[in-house]
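The next block holds one structure in the form of structure tokens; read it before the comments.
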Amino acid sequence: MDIQEVPADLLGGYLSVLGHSASSGRLPGRSEMDAMRECGGRAAALGIPFRALVDACLRAAERVPGASIPAVRRSLSAYADGYEHAQLLAVREEEEARRTFIDDLLQGRADARRAEHFGLRLAEAYVVAVATPAPAGLAKRIEQELFARFGSHNILVADSDGLIVCAVPGSLQAAVGEFTHHVRTAQPDGWRAGVGRPHHGPGGIVTSYREAVNAIELGDRLGLRAHVLKAADLLVFPVLLRDRAAIIDLVGTVLGPLTEARGGPLPLLETLEAVFAFQGNQTAAARRLGISTRAITYRLERIRRLTGFSPSDPTQRFTLETAVLGARLLDWPDQPLK
């Protein structure tokens, strides 16, 4: 692009400045500088490369005999100020539009056209993963890493409501693993991630997002140790919660007798949780609780006598484990069953 391709109105004030500098040596004043800043902003809005604008200005200076270098330098500085300011505003507007889009997307209010502007094709099935906490700048760094490996299309990483949210096509499961890897690398301790299931369309992203958030919430409520929680692995819990009356009856019937134990039901519940967490390995459970293996054996026998259920029996183990999980969901025994 040369001077003929740069709109004449962007150079009019500048040509006048060059003429005055050639005839009198006068440098551009405040009003002239402001006018050129405005022209620089308009050039940015029109998509004119700044290099082309500078080249046009220099060519114009060559055609004005006696044009002073200081006048050219000040003029180019004014153009640059306006151009950079316009670009900064454009970036901020794009960031604000992106934040609004992400909020709308996670609330189910985004349409396919807006999504395509941000690189998402909502006709595909998407998986959403979320992670907490969300340190400043981490989402942007992770997005850049994912873009470098998988490309910028069909991947979105952003901050939302104190979470880092990552949406990727269901066919790109490796990106979810990469996402959790970068979260873990950035903060080795104290982090947790939830992963939803693949769902189609704008509503599918909302569904997967809610599943991912609920996975983290369930993990916290149940005291699960895993850092990455997949909604597909936790499907039994929404089923339990949908029939609250049934789970209350199960907890009350199976675990209610533990209230008769000396010291209350909590130590026995913690024992069951530890034994189940280590797939029946009493030595590992004892190590986790900081007690002896003999104490574990004693407590399990006490549980069998009080409840009639033994963790060593496969059928009874399932009933006991489901009741223990239900107790955690209901916050029993801290909260009464009702």
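Chains: A, B, ... in order of the structure tokens. Residues: from 1 per chain. Ligands: from 1, in order shown.
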
Looking only at the backbone, which of the residues in range 207-336 of chain A does DSSP tag as alpha helix (DSSP H), as a count of residues only?
87

Wanna dump the range 80-158 of chain A-range 205-211 of chain A contacts at 7 Å for me, each residue with its shortest atom pair and the distance in Å to one decimal, counting only C-alpha atoms, ordered by chain and number, as JSON lines?
```
{"residue": "A:Leu106", "atom": "CA", "partner": "A:Val206", "partner_atom": "CA", "distance": 5.1}
{"residue": "A:Gln107", "atom": "CA", "partner": "A:Val206", "partner_atom": "CA", "distance": 6.4}
{"residue": "A:Gly108", "atom": "CA", "partner": "A:Val206", "partner_atom": "CA", "distance": 5.9}
{"residue": "A:Tyr126", "atom": "CA", "partner": "A:Ile205", "partner_atom": "CA", "distance": 6.0}
{"residue": "A:Val127", "atom": "CA", "partner": "A:Ser208", "partner_atom": "CA", "distance": 6.0}
{"residue": "A:Val128", "atom": "CA", "partner": "A:Tyr209", "partner_atom": "CA", "distance": 5.2}
{"residue": "A:Ala129", "atom": "CA", "partner": "A:Tyr209", "partner_atom": "CA", "distance": 6.9}
```

Write a file of the selected residues as a PDB file, in the first residue's frame, keeping C-alpha atoms.
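Wrote selection.pdb, looks like this:
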```
ATOM      1  CA  LEU A 106     -22.342 -21.172  29.814  1.00  0.00           C
ATOM      2  CA  GLN A 107     -25.892 -19.942  30.425  1.00  0.00           C
ATOM      3  CA  GLY A 108     -27.191 -21.354  27.146  1.00  0.00           C
ATOM      4  CA  TYR A 126     -18.180 -30.734  23.210  1.00  0.00           C
ATOM      5  CA  VAL A 127     -16.605 -31.704  26.495  1.00  0.00           C
ATOM      6  CA  VAL A 128     -16.156 -29.061  29.181  1.00  0.00           C
ATOM      7  CA  ALA A 129     -13.562 -29.318  31.932  1.00  0.00           C
TER       8      ALA A 129
END
```

Excluding range 233-247 of chain A and its own-chain neighbours fewer than 2 positions away, which residues fall within 8 Å of it when counting only C-alpha atoms? Please give them as an NGL selection string.
:A and (215 or 229-231 or 249-251 or 323 or 326 or 329)

What is the CA of Leu88 in chain A to CA of Ala44 in chain A distance in Å?
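Here the two named atoms are 10.3 Å from each other.
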
Wanna dump the range 75-111 of chain A-range 8-19 of chain A contacts at 12 Å for me, each residue with its shortest atom pair and the distance in Å to one decimal, counting only C-alpha atoms, ordered by chain and number, as JSON lines?
```
{"residue": "A:Ser75", "atom": "CA", "partner": "A:Tyr14", "partner_atom": "CA", "distance": 7.0}
{"residue": "A:Leu76", "atom": "CA", "partner": "A:Tyr14", "partner_atom": "CA", "distance": 9.2}
{"residue": "A:Ser77", "atom": "CA", "partner": "A:Tyr14", "partner_atom": "CA", "distance": 11.8}
{"residue": "A:Ala78", "atom": "CA", "partner": "A:Tyr14", "partner_atom": "CA", "distance": 10.2}
{"residue": "A:Tyr79", "atom": "CA", "partner": "A:Tyr14", "partner_atom": "CA", "distance": 9.6}
{"residue": "A:Gly82", "atom": "CA", "partner": "A:Leu10", "partner_atom": "CA", "distance": 11.9}
{"residue": "A:Tyr83", "atom": "CA", "partner": "A:Leu10", "partner_atom": "CA", "distance": 11.9}
```

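With only C-alpha atoms as the atoms that count, the minimum distance from Gly25 in chain A to the choices A:Pro135, A:Gly201, A:Pro265, A:Pro70 is reached by A:Pro70.
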
Report as a PyMOL selection string all protein, DNA and RNA residues lying within 12 Å of Gln187 in chain A, evaluated on only C-alpha atoms, omitting residues in the same chain fewer than 5 positions from it.
chain A and resi 131-135+138+180-182+192+227
